[in-house]
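J.: Questions regarding the structure given below will be posed in turn.
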Amino acid sequence: MNLISLVMPFGVFVALMAAVGLYCLIVTRDMLRVILALEVITKAVTLLLIVGGLVSGHMALAQALVITLIVIEVVVIVVAAGIVIAVYKHTGTLDIRRLRNLKG
Amino acid sequence: MDPTFLKQQLLMNIILMGAMLLGAVATVMLRQLVKAAIALAFTSVVLCIVMFKLNAPWAAVFELSVCAGLITVVFISAVSLVKPATEEERAAHIRFKTRRYFLLPLVLLLVGVGMSYLTGQPLPLPAAESAGTELRSLLWGSRSLDLLGQVLVLLAGVWGVVVLFKEEK
């Protein structure tokens with residue numbers, strides 16, 4: 001058993017977490033749950049970056065990328081939550097199917 | 001390295017990753033959004049522990065303070081601005097959940113088996129593993145443009161929220 005076999009399970013779990021997030025993103029109709037699903041996918045990507053840094057030996061670079069990812073993630077989530085609240089105030093629902101104002 | 005130690009580490013990693021996956025499934029499956037946000041915070045905390053174990057303390061601190069802290073606060077604030085679901089909506093959500101999420105275990109099984117096969121193959125490693133530069137010098141030296149970009153992204157986010165919640169005069 002070596003370092004590589006130690007990090008192998010991470011690949012499986014990263015894929016499983018991304019699958020959970022993507023599945024929720026496809027089936028949900030709740031706007032806040034869409035943001036939660038995005039967050040779950042981002043967690044999987046964060047872990048993948050760290051494991052990539054560990055395997056390649058560039059851990060400092062991986063950490064720098066993760067910090068950048070976290071900052072961007074926060075801004076995306078805050079603006080998305082703001083948009084959801086603004087839409088809720090306008091339509092009175094979180095159902096994403098009601099957002100058909102721009103439908104041609 | 002000692003094989004027994006490596007086996008213990010492997011077992012610990014699998015337990016932590018299992019907890020993280022459970023947190024992720026709870027995040028998407030729980031009916032109440034507040035509980036879902038707390039499950040997401042739990043996922044972040046476990047990810048933070050995994051990062052510490054993988055020798056990434058700076059990223060772990062950011063994950064714990066920002067993702068487990070700030071984002072949970074943002075979610076709970078957003079949920080508190082929304083009216084609680086009525087009995088009818090709750091019943092509809094349970095019906096919807098059983099109808100829509102019944103494929104999730106099958107998808108997870110397929111992805112798990114597929115990835116187990118793929119990660120069972122030898123992993124191509126770089127020829128020479130670099131020792132890894134120190135994070136501080138890397139961030140402020142070679143990645144300083146990234147930091148400028150982060151500041152701009154943060155400003156854009158703040159400006160976005162200000163525009164969204166602008167009151168009519």
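Residue numbers start at 1 in each chain; chains themselves are named A, B, ... in the order of the structure tokens; ligands are numbered from 1 in the order shown.
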Env of Met12 (chain B): 12 Å cut, atoms = only C-alpha atoms, seq-sep filter 2 positions within chain, self excluded. Answer as JSON, numbers by chain.

T.: {"A": [6, 7, 9, 10], "B": [5, 6, 7, 8, 9, 10, 14, 15, 16, 17, 18, 19, 46, 49, 50, 53, 54]}

J.: Take the residues that were just selected and, keeping C-alpha atoms, output them as a compact mmCIF listing (two decimals), in the first residue's frame.

T.:
# COMPACT_ATOMS: atom_id res chain seq x y z
CA LEU A 6 -4.37 6.09 0.05
CA VAL A 7 -5.88 8.83 -2.14
CA PRO A 9 -11.05 6.53 -2.43
CA PHE A 10 -11.14 10.31 -2.75
CA PHE B 5 -0.46 3.04 9.63
CA LEU B 6 -1.41 3.46 5.96
CA LYS B 7 -4.35 1.04 6.39
CA GLN B 8 -5.56 3.03 9.40
CA GLN B 9 -5.27 6.25 7.40
CA LEU B 10 -7.19 4.68 4.51
CA ILE B 14 -13.14 6.35 3.96
CA ILE B 15 -15.07 7.09 7.19
CA LEU B 16 -14.59 10.86 6.70
CA MET B 17 -15.58 10.71 3.04
CA GLY B 18 -18.64 8.60 3.94
CA ALA B 19 -19.68 11.26 6.47
CA VAL B 46 -15.90 17.32 7.43
CA ILE B 49 -11.00 17.96 8.58
CA VAL B 50 -10.10 16.11 5.37
CA LYS B 53 -5.40 15.59 7.10
CA LEU B 54 -4.20 16.13 3.53

J.: With 6 Å as the limit and counting only C-alpha atoms, what residues in chain A lie close to chain B? Please list them as number ranges by chain.

T.: A: 6, 8, 12, 16, 57-60, 63, 67, 75, 79

J.: Atoms to include: N, CA, C and O atoms. Write the selected residues as an mmCIF file, in the first residue's frame.

T.:
data_model
loop_
_atom_site.group_PDB
_atom_site.id
_atom_site.type_symbol
_atom_site.label_atom_id
_atom_site.label_comp_id
_atom_site.auth_asym_id
_atom_site.auth_seq_id
_atom_site.Cartn_x
_atom_site.Cartn_y
_atom_site.Cartn_z
ATOM 1 N N LEU A 6 -3.747 5.348 -1.058
ATOM 2 C CA LEU A 6 -4.366 6.092 0.050
ATOM 3 C C LEU A 6 -5.332 7.165 -0.467
ATOM 4 O O LEU A 6 -6.347 7.463 0.162
ATOM 5 N N MET A 8 -6.846 7.035 -3.539
ATOM 6 C CA MET A 8 -7.817 6.485 -4.503
ATOM 7 C C MET A 8 -9.280 6.679 -4.083
ATOM 8 O O MET A 8 -10.114 7.080 -4.898
ATOM 9 N N VAL A 12 -13.372 8.337 -5.956
ATOM 10 C CA VAL A 12 -14.722 7.757 -5.971
ATOM 11 C C VAL A 12 -15.703 8.688 -5.262
ATOM 12 O O VAL A 12 -16.777 9.013 -5.789
ATOM 13 N N LEU A 16 -19.024 10.733 -6.519
ATOM 14 C CA LEU A 16 -20.339 10.501 -5.900
ATOM 15 C C LEU A 16 -20.972 11.820 -5.453
ATOM 16 O O LEU A 16 -22.170 12.057 -5.669
ATOM 17 N N GLY A 57 2.176 16.902 -5.870
ATOM 18 C CA GLY A 57 3.218 17.512 -5.056
ATOM 19 C C GLY A 57 3.187 19.029 -5.058
ATOM 20 O O GLY A 57 4.069 19.661 -4.505
ATOM 21 N N HIS A 58 2.187 19.638 -5.692
ATOM 22 C CA HIS A 58 2.073 21.098 -5.726
ATOM 23 C C HIS A 58 0.974 21.547 -4.767
ATOM 24 O O HIS A 58 -0.036 22.108 -5.180
ATOM 25 N N MET A 59 1.161 21.267 -3.492
ATOM 26 C CA MET A 59 0.094 21.547 -2.523
ATOM 27 C C MET A 59 -0.132 23.042 -2.331
ATOM 28 O O MET A 59 -1.269 23.485 -2.156
ATOM 29 N N ALA A 60 0.954 23.848 -2.387
ATOM 30 C CA ALA A 60 0.781 25.299 -2.199
ATOM 31 C C ALA A 60 -0.064 25.885 -3.316
ATOM 32 O O ALA A 60 -0.954 26.709 -3.073
ATOM 33 N N GLN A 63 -3.651 24.907 -2.800
ATOM 34 C CA GLN A 63 -4.284 25.714 -1.745
ATOM 35 C C GLN A 63 -4.625 27.116 -2.248
ATOM 36 O O GLN A 63 -5.694 27.659 -1.939
ATOM 37 N N ILE A 67 -8.372 28.643 -2.306
ATOM 38 C CA ILE A 67 -8.750 29.919 -1.683
ATOM 39 C C ILE A 67 -9.464 30.806 -2.704
ATOM 40 O O ILE A 67 -10.512 31.417 -2.415
ATOM 41 N N VAL A 75 -19.113 34.728 -3.397
ATOM 42 C CA VAL A 75 -19.751 35.824 -4.133
ATOM 43 C C VAL A 75 -20.917 35.294 -4.969
ATOM 44 O O VAL A 75 -22.004 35.892 -4.994
ATOM 45 N N VAL A 79 -24.791 36.512 -4.280
ATOM 46 C CA VAL A 79 -25.569 37.178 -5.335
ATOM 47 C C VAL A 79 -26.761 36.303 -5.737
ATOM 48 O O VAL A 79 -27.876 36.804 -5.923
#

J.: At what distance in Å, to one decimal, does CA of Thr46 (chain A) lie from CA of Val27 (chain A)?

T.: 23.6 Å

J.: What does the distance from CA of Gly21 (chain A) to CA of Val40 (chain A) come to in Å, to one decimal?

T.: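 Taking CA of Gly21 (chain A) and CA of Val40 (chain A), their separation equals 5.4 Å.
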
J.: Could you tell me which of A:Ala62, A:Ser56, A:Leu32, A:Tyr23 comes closest to Ile85 (chain A) if we count only C-alpha atoms?

T.: A:Leu32

J.: What is the distance, in Å and to one decimal place, between CA of Phe42 (chain B) and CA of Ile83 (chain A)?

T.: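 Pair CA of Phe42 (chain B) / CA of Ile83 (chain A) returns 25.2 Å.
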